[in-house]
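Visitor: Dropping in structure_28.csv, with CSV, C-alpha atoms (C1' of nucleotides).
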```csv
chain,number,residue,atom,x,y,z
A,1,MET,CA,48.2,-60.1,29.7
A,2,SER,CA,44.9,-61.9,29.1
A,3,ILE,CA,41.8,-60.8,31.0
A,4,THR,CA,41.6,-64.2,32.5
A,5,SER,CA,45.0,-63.8,34.1
A,6,ASP,CA,44.0,-60.6,35.7
A,7,ILE,CA,40.7,-62.0,37.0
A,8,LEU,CA,42.4,-65.0,38.5
A,9,ARG,CA,45.1,-62.8,40.0
A,10,GLY,CA,45.1,-63.0,43.8
A,11,HIS,CA,43.5,-66.4,44.0
A,12,THR,CA,46.7,-68.3,43.5
A,13,GLU,CA,47.5,-68.8,47.2
A,14,ALA,CA,43.9,-69.8,48.0
A,15,ILE,CA,43.8,-72.3,45.1
A,16,ILE,CA,47.1,-73.9,46.3
A,17,LEU,CA,45.9,-74.1,49.9
A,18,SER,CA,42.6,-75.6,48.9
A,19,HIS,CA,44.4,-78.2,46.8
A,20,LEU,CA,46.9,-79.0,49.6
A,21,LEU,CA,44.0,-79.5,52.1
A,22,GLU,CA,43.0,-82.6,50.2
A,23,LYS,CA,46.5,-84.0,50.5
A,24,ASP,CA,50.1,-83.0,50.5
A,25,SER,CA,51.6,-82.5,47.1
A,26,TYR,CA,54.5,-81.1,45.1
A,27,GLY,CA,54.9,-78.4,42.5
A,28,TYR,CA,54.8,-80.4,39.4
A,29,GLN,CA,51.8,-82.4,40.5
A,30,ILE,CA,49.8,-79.4,41.6
A,31,ASN,CA,50.5,-77.7,38.2
A,32,LYS,CA,49.1,-80.8,36.4
A,33,ASP,CA,46.2,-81.2,38.8
A,34,ILE,CA,45.0,-77.6,38.4
A,35,MET,CA,45.0,-78.0,34.6
A,36,LYS,CA,43.1,-81.2,34.8
A,37,LYS,CA,40.6,-79.8,37.3
A,38,THR,CA,39.9,-77.0,34.9
A,39,ASP,CA,39.9,-79.0,31.7
A,40,ASN,CA,43.0,-77.1,30.6
A,41,ARG,CA,41.2,-73.8,30.8
A,42,TYR,CA,43.6,-72.6,33.4
A,43,GLU,CA,47.3,-73.2,33.9
A,44,LEU,CA,48.9,-72.1,37.1
A,45,LYS,CA,52.3,-71.2,35.5
A,46,GLU,CA,55.3,-72.6,37.2
A,47,ALA,CA,56.9,-69.3,38.0
A,48,THR,CA,53.6,-68.1,39.5
A,49,LEU,CA,53.3,-71.3,41.5
A,50,TYR,CA,56.8,-71.2,43.0
A,51,SER,CA,56.6,-67.6,43.9
A,52,ALA,CA,53.3,-68.3,45.7
A,53,PHE,CA,54.9,-71.2,47.5
A,54,ARG,CA,57.6,-68.8,48.8
A,55,ARG,CA,55.0,-66.4,50.0
A,56,LEU,CA,52.9,-69.1,51.7
A,57,GLU,CA,55.9,-70.6,53.4
A,58,GLN,CA,57.1,-67.1,54.4
A,59,ALA,CA,53.7,-66.5,56.0
A,60,GLY,CA,53.9,-69.9,57.7
A,61,HIS,CA,50.8,-71.2,55.9
A,62,ILE,CA,52.6,-74.2,54.5
A,63,ARG,CA,55.7,-76.2,55.4
A,64,THR,CA,57.8,-78.3,53.1
A,65,TYR,CA,59.7,-81.6,53.2
A,66,TRP,CA,61.5,-83.7,50.7
A,67,GLY,CA,59.9,-86.9,49.4
A,68,ASP,CA,61.8,-90.1,49.8
A,69,GLU,CA,61.8,-91.2,46.2
A,70,THR,CA,64.5,-93.7,45.5
A,71,THR,CA,64.0,-93.3,41.8
A,72,GLY,CA,63.2,-90.4,39.5
A,73,ALA,CA,63.7,-86.7,40.3
A,74,ARG,CA,63.4,-85.5,43.9
A,75,ARG,CA,60.1,-84.0,45.0
A,76,ARG,CA,59.6,-81.2,47.4
A,77,TYR,CA,56.3,-81.7,49.1
A,78,TYR,CA,54.1,-79.0,50.7
A,79,ALA,CA,51.7,-79.4,53.6
A,80,VAL,CA,49.2,-76.9,55.0
A,81,THR,CA,49.8,-75.7,58.6
A,82,ASP,CA,47.2,-74.7,61.1
A,83,SER,CA,47.8,-71.1,60.2
A,84,GLY,CA,47.3,-72.1,56.6
A,85,ARG,CA,43.9,-73.7,57.4
A,86,GLN,CA,42.9,-70.4,59.0
A,87,ALA,CA,44.1,-68.5,56.0
A,88,TYR,CA,42.2,-70.7,53.7
A,89,LEU,CA,38.9,-70.1,55.6
A,90,SER,CA,39.6,-66.4,55.6
A,91,TYR,CA,40.3,-66.4,51.8
A,92,LYS,CA,37.2,-68.3,51.2
A,93,LYS,CA,35.1,-65.9,53.1
A,94,GLU,CA,36.6,-63.0,51.4
A,95,TRP,CA,36.0,-64.6,48.0
A,96,GLU,CA,32.3,-65.1,48.8
A,97,GLU,CA,32.0,-61.5,49.7
A,98,ALA,CA,34.0,-60.3,46.7
A,99,LYS,CA,31.9,-62.5,44.4
A,100,GLU,CA,28.7,-61.0,45.7
A,101,MET,CA,30.1,-57.5,45.3
A,102,ILE,CA,31.4,-58.0,41.8
A,103,ASP,CA,28.1,-59.6,40.8
A,104,HIS,CA,26.3,-56.6,42.1
A,105,LEU,CA,28.7,-54.1,40.4
A,106,LEU,CA,28.5,-55.9,37.1
A,107,ARG,CA,24.8,-56.2,37.1
B,1,MET,CA,48.2,-54.6,49.1
B,2,SER,CA,45.1,-56.0,50.7
B,3,ILE,CA,43.7,-59.3,49.5
B,4,THR,CA,40.5,-57.5,48.4
B,5,SER,CA,42.5,-55.2,46.1
B,6,ASP,CA,44.0,-58.2,44.4
B,7,ILE,CA,40.8,-60.0,44.0
B,8,LEU,CA,39.2,-57.0,42.5
B,9,ARG,CA,42.1,-56.4,40.2
B,10,GLY,CA,41.1,-56.7,36.6
B,11,HIS,CA,37.4,-55.9,37.2
B,12,THR,CA,37.9,-52.1,37.2
B,13,GLU,CA,37.1,-51.6,33.6
B,14,ALA,CA,34.1,-53.9,33.6
B,15,ILE,CA,32.7,-52.1,36.7
B,16,ILE,CA,33.1,-48.7,35.0
B,17,LEU,CA,31.5,-49.9,31.8
B,18,SER,CA,28.6,-51.5,33.7
B,19,HIS,CA,28.1,-48.2,35.6
B,20,LEU,CA,28.3,-46.1,32.5
B,21,LEU,CA,25.7,-48.3,30.8
B,22,GLU,CA,23.1,-47.0,33.2
B,23,LYS,CA,23.9,-43.4,32.3
B,24,ASP,CA,26.8,-41.2,31.3
B,25,SER,CA,28.8,-40.0,34.3
B,26,TYR,CA,32.0,-38.4,35.4
B,27,GLY,CA,35.0,-39.5,37.6
B,28,TYR,CA,34.1,-38.0,40.9
B,29,GLN,CA,30.5,-39.2,40.7
B,30,ILE,CA,31.4,-42.7,39.7
B,31,ASN,CA,33.9,-42.9,42.6
B,32,LYS,CA,31.1,-41.9,45.0
B,33,ASP,CA,28.6,-44.2,43.4
B,34,ILE,CA,30.7,-47.3,43.6
B,35,MET,CA,31.3,-46.6,47.3
B,36,LYS,CA,27.6,-46.2,47.9
B,37,LYS,CA,26.7,-49.3,45.9
B,38,THR,CA,29.1,-51.4,48.0
B,39,ASP,CA,28.2,-49.8,51.4
B,40,ASN,CA,31.7,-48.3,51.6
B,41,ARG,CA,33.3,-51.8,51.4
B,42,TYR,CA,35.0,-50.9,48.2
B,43,GLU,CA,36.5,-47.7,46.9
B,44,LEU,CA,37.6,-47.4,43.3
B,45,LYS,CA,40.6,-45.2,44.0
B,46,GLU,CA,40.9,-42.1,41.9
B,47,ALA,CA,44.3,-43.0,40.5
B,48,THR,CA,42.9,-46.4,39.5
B,49,LEU,CA,39.8,-44.8,38.1
B,50,TYR,CA,41.6,-42.4,35.9
B,51,SER,CA,44.1,-44.9,34.6
B,52,ALA,CA,41.2,-47.1,33.7
B,53,PHE,CA,39.5,-44.3,31.9
B,54,ARG,CA,42.6,-43.8,29.8
B,55,ARG,CA,42.7,-47.5,28.9
B,56,LEU,CA,39.1,-47.6,28.0
B,57,GLU,CA,39.3,-44.5,25.9
B,58,GLN,CA,42.4,-45.8,24.2
B,59,ALA,CA,40.6,-49.0,23.4
B,60,GLY,CA,37.6,-47.0,22.0
B,61,HIS,CA,35.3,-48.4,24.6
B,62,ILE,CA,34.3,-45.0,26.0
B,63,ARG,CA,34.2,-41.5,24.6
B,64,THR,CA,34.3,-38.3,26.6
B,65,TYR,CA,32.8,-34.8,26.6
B,66,TRP,CA,32.9,-31.8,28.8
B,67,GLY,CA,29.7,-31.0,30.8
B,68,ASP,CA,28.1,-27.6,30.3
B,69,GLU,CA,28.1,-26.6,34.0
B,70,THR,CA,27.9,-22.8,34.4
B,71,THR,CA,28.8,-23.1,38.1
B,72,GLY,CA,31.1,-25.4,40.1
B,73,ALA,CA,34.1,-27.3,38.8
B,74,ARG,CA,34.0,-28.6,35.3
B,75,ARG,CA,33.1,-32.2,34.7
B,76,ARG,CA,34.4,-34.6,32.1
B,77,TYR,CA,31.7,-37.0,31.2
B,78,TYR,CA,32.2,-40.5,29.9
B,79,ALA,CA,29.9,-42.5,27.6
B,80,VAL,CA,30.0,-46.1,26.5
B,81,THR,CA,30.5,-46.7,22.8
B,82,ASP,CA,29.2,-49.7,20.8
B,83,SER,CA,32.6,-51.3,21.2
B,84,GLY,CA,32.3,-50.7,24.9
B,85,ARG,CA,29.0,-52.5,25.0
B,86,GLN,CA,30.6,-55.5,23.3
B,87,ALA,CA,33.5,-55.4,25.7
B,88,TYR,CA,31.1,-55.3,28.6
B,89,LEU,CA,29.3,-58.4,27.4
B,90,SER,CA,32.6,-60.1,26.8
B,91,TYR,CA,33.8,-59.2,30.3
B,92,LYS,CA,30.6,-60.4,31.8
B,93,LYS,CA,30.8,-63.8,30.1
B,94,GLU,CA,34.4,-64.2,31.2
B,95,TRP,CA,33.5,-63.3,34.8
B,96,GLU,CA,30.8,-66.0,34.8
B,97,GLU,CA,33.3,-68.6,33.6
B,98,ALA,CA,36.0,-67.5,36.0
B,99,LYS,CA,33.6,-67.4,38.9
B,100,GLU,CA,32.6,-71.0,38.3
B,101,MET,CA,36.2,-72.0,37.9
B,102,ILE,CA,37.3,-70.4,41.1
B,103,ASP,CA,34.4,-71.8,43.0
B,104,HIS,CA,35.5,-75.2,41.7
B,105,LEU,CA,39.1,-74.7,42.6
B,106,LEU,CA,38.3,-73.4,46.1
B,107,ARG,CA,35.9,-76.1,46.9
C,1,DA,C1',72.2,-91.0,21.0
C,2,DA,C1',68.4,-88.1,21.0
C,3,DA,C1',64.1,-86.8,22.6
C,4,DT,C1',60.6,-86.6,26.0
C,5,DA,C1',58.8,-86.6,30.6
C,6,DT,C1',59.4,-85.7,35.3
C,7,DA,C1',60.9,-82.5,38.7
C,8,DC,C1',63.1,-78.5,40.6
C,9,DC,C1',64.3,-73.4,40.4
C,10,DT,C1',65.6,-68.0,39.2
C,11,DT,C1',65.7,-63.6,36.8
C,12,DG,C1',63.8,-59.7,34.8
C,13,DA,C1',60.1,-57.4,32.6
C,14,DC,C1',55.3,-56.0,32.6
C,15,DA,C1',50.9,-54.0,34.0
C,16,DG,C1',47.3,-52.7,37.2
C,17,DG,C1',46.5,-50.6,41.7
C,18,DC,C1',47.2,-46.8,44.4
C,19,DG,C1',49.6,-43.4,47.9
C,20,DA,C1',50.9,-39.0,47.6
C,21,DG,C1',50.9,-35.1,45.6
C,22,DG,C1',49.1,-31.2,42.6
C,23,DT,C1',45.4,-27.6,40.5
C,24,DA,C1',41.0,-24.9,40.5
C,25,DT,C1',36.2,-23.5,41.8
C,26,DA,C1',32.3,-23.1,45.0
C,27,DT,C1',30.2,-23.4,49.4
C,28,DT,C1',30.0,-23.6,54.4
C,29,DC,C1',31.7,-22.5,58.8
C,30,DT,C1',33.7,-19.6,62.4
D,1,DA,C1',36.7,-11.9,55.8
D,2,DG,C1',39.4,-15.9,56.1
D,3,DA,C1',39.7,-20.9,56.8
D,4,DA,C1',38.0,-25.1,56.0
D,5,DT,C1',35.5,-28.4,53.3
D,6,DA,C1',33.4,-30.3,49.2
D,7,DT,C1',33.5,-30.8,44.4
D,8,DA,C1',36.1,-31.8,40.4
D,9,DC,C1',40.1,-32.7,37.6
D,10,DC,C1',44.9,-34.9,37.0
D,11,DT,C1',50.0,-37.1,37.2
D,12,DC,C1',54.1,-39.5,39.1
D,13,DG,C1',56.4,-43.3,40.8
D,14,DC,C1',56.3,-47.3,43.8
D,15,DC,C1',54.6,-51.9,44.8
D,16,DT,C1',53.3,-56.5,43.9
D,17,DG,C1',51.6,-60.7,41.5
D,18,DT,C1',52.1,-62.9,37.0
D,19,DC,C1',54.8,-65.1,33.6
D,20,DA,C1',58.1,-65.7,29.5
D,21,DA,C1',62.4,-67.3,29.2
D,22,DG,C1',65.9,-69.4,30.8
D,23,DG,C1',68.5,-72.9,33.7
D,24,DT,C1',69.6,-77.8,36.2
D,25,DA,C1',69.2,-82.9,37.0
D,26,DT,C1',67.2,-87.7,36.6
D,27,DA,C1',64.7,-91.4,34.2
D,28,DT,C1',62.3,-93.3,30.4
D,29,DT,C1',61.2,-93.8,25.6
D,30,DT,C1',62.3,-93.7,20.7
```
Rewrite the structure of this file - the entire thing - as structure tokens.
Guide:
Amino acid sequence: MSITSDILRGHTEAIILSHLLEKDSYGYQINKDIMKKTDNRYELKEATLYSAFRRLEQAGHIRTYWGDETTGARRRYYAVTDSGRQAYLSYKKEWEEAKEMIDHLLR
Amino acid sequence: MSITSDILRGHTEAIILSHLLEKDSYGYQINKDIMKKTDNRYELKEATLYSAFRRLEQAGHIRTYWGDETTGARRRYYAVTDSGRQAYLSYKKEWEEAKEMIDHLLR
DNA sequence: AAATATACCTTGACAGGCGAGGTATATTCT
DNA sequence: AGAATATACCTCGCCTGTCAAGGTATATTT
């Protein structure tokens, strides 16, 4: 496993929540968007993405609904819940703290 | 597993290398030092610490020697090798990049 | 007709973190 | 003197997030 993967580990859910806070979206799109946002430096792998969706839904942080496409493949959309908004803020705070700590420890 | 643990995951080796760059040290001491450095907000658990030592030694990033204590329990000291210095710099650079990326994705 | 793009999903392996347990020596407390 | 604590080392086996590999279905492009 690359170092990058391990450094990014644990941020998946926060990244998804953050992205969904902008607007509801679906798996395939999120995957593409993250790659674009990072200039292809980071790909949120599909298997990782879907297992994160399951955890987030299980925790009540997101809810899902099917899109009403009349053409093309069906899309399962995800939306952040109130609980998800809270979780995002909590994650964010934790990240700020962790960032400071790691910076300190790696000095 | 707490969120913090997952966020910290993957930084263990870098944290150890960084610490050893200051001065050679041994397991028990490093464990205490990290706790002190972080105001007890983060404990590098012993099992985690020792498995990281094994990996670092395996990779040639650290070498070990026994202390010459005439009293108290014996101490196994660890020292960073040239390869370890390189690895530290590489880790550090990756961290700076990852940090920027996560900040961007969590915006 | 075949290839590609869009879109969903599951399974099983892998690796790092760590709880729980173990050993041994020295010091402090009652 | 005996018990408890601190110092110091270590291993085993579970847990969990990541991801390679595989699968399905529809629409478009070649």
Visitor: Which residues are close to DC12 (chain D), i.e. within 12 Å by only C-alpha atoms (C1' of nucleotides), leaving aside same-chain residues fewer than 4 positions away? Reply as a compact mmCIF listing (two decimals) with C-alpha atoms (C1' of nucleotides), in the coordinates of the input.
Guide:
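In the end it all went to selection_23.txt:
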```
# COMPACT_ATOMS: atom_id res chain seq x y z
CA ALA B 47 44.30 -43.00 40.50
C1' DC C 18 47.20 -46.80 44.40
C1' DG C 19 49.60 -43.40 47.90
C1' DA C 20 50.90 -39.00 47.60
C1' DG C 21 50.90 -35.10 45.60
C1' DG C 22 49.10 -31.20 42.60
```
Visitor: Rounded to one decimal in Å, what is the spacing between CA of Gly60 (chain B) and CA of Ala87 (chain B)?
Guide: 10.1 Å
Visitor: List every protein, DNA or RNA residue that has an atom no more than 9 Å from (33.0, -46.5, 27.8) in the file's coordinate frame, counting only C-alpha atoms (C1' of nucleotides), and report them as a PyMOL selection string.
Guide: chain B and resi 13+16-18+20-21+24+53+56-57+60-64+78-85
Visitor: Report the closest atom pair, with its distance in Å rounded to one decimal, for each residue of chain D that has an atom no farther than 8 Å from chain B; count only C-alpha atoms (C1' of nucleotides), sort by chain and then rising residue number, and write it as a tab-separated table.
Guide:
```
residue	atom	partner	partner_atom	distance
D:DT7	C1'	B:Ala73	CA	6.6
D:DA8	C1'	B:Ala73	CA	5.2
D:DC9	C1'	B:Arg75	CA	7.6
D:DT16	C1'	B:Met1	CA	7.5
```
Visitor: For a cut-off of 9 Å around (53.8, -66.2, 34.3), file coordinates, pick out all residues using all atoms listed in the file and list them as a short mmCIF file (atom, residue, chain, number, x, y, z; two decimals) with C-alpha atoms (C1' of nucleotides), keeping the file's coordinate frame.
Guide:
```cif
data_model
loop_
_atom_site.label_atom_id
_atom_site.label_comp_id
_atom_site.auth_asym_id
_atom_site.auth_seq_id
_atom_site.Cartn_x
_atom_site.Cartn_y
_atom_site.Cartn_z
CA LEU A 44 48.90 -72.10 37.10
CA LYS A 45 52.30 -71.20 35.50
CA GLU A 46 55.30 -72.60 37.20
CA ALA A 47 56.90 -69.30 38.00
CA THR A 48 53.60 -68.10 39.50
CA LEU A 49 53.30 -71.30 41.50
"C1'" DT D 18 52.10 -62.90 37.00
"C1'" DC D 19 54.80 -65.10 33.60
"C1'" DA D 20 58.10 -65.70 29.50
#
```
Visitor: Any idea what the distance is between CA of Ser51 (chain B) and C1' of DT11 (chain D)?
Guide: 10.1 Å
Visitor: List every residue of chain B that has an atom at most 6 Å from any atom of chain A, and for each one report the closest atom pair and its distance in Å to one decimal, counting all atoms listed in the file, with rows sorted by chain and then by increasing residue number, as CSV.
Guide:
```
residue,atom,partner,partner_atom,distance
B:Asp6,CA,A:Gly10,CA,5.0
B:Ile7,CA,A:Gly10,CA,5.2
B:Gly10,CA,A:Asp6,CA,4.9
B:Ile15,CA,A:Leu106,CA,5.7
B:Ser18,CA,A:Leu106,CA,5.6
B:Leu105,CA,A:Ile15,CA,5.8
B:Leu106,CA,A:Ser18,CA,5.6
```
Visitor: Need the shell around DA4 (chain D): protein/DNA/RNA residues with any atom at most 10 Å away, counting all atoms listed in the file. Skip same-chain ones fewer than 2 positions apart. Format as a ChimeraX atom specification?
Guide: /C:28-30 /D:2,6
Visitor: Would you give me, as CSV, each residue of chain C having an atom within 9 Å of an atom of chain A, along with its shortest atom pair and that distance in Å to one decimal, using only C-alpha atoms (C1' of nucleotides) and sorting by chain and residue number?
Guide:
```
residue,atom,partner,partner_atom,distance
C:DT6,C1',A:Ala73,CA,6.7
C:DA7,C1',A:Ala73,CA,5.3
C:DC8,C1',A:Arg75,CA,7.7
C:DC9,C1',A:Tyr50,CA,8.2
C:DT10,C1',A:Ala47,CA,8.9
C:DC14,C1',A:Met1,CA,8.7
C:DA15,C1',A:Met1,CA,7.9
C:DG16,C1',A:Asp6,CA,8.7
```
Visitor: Separation of CA of Lys23 (chain B) and CA of Gln58 (chain B), in Å?
Guide: 20.3 Å
Visitor: Tell me which of B:Glu43, B:Thr70, B:Ser25, B:Ile30 sits closest to DA26 (chain C), counting only C-alpha atoms (C1' of nucleotides).
Guide: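 For DA26 (chain C), the nearest of the given residues is B:Thr70.
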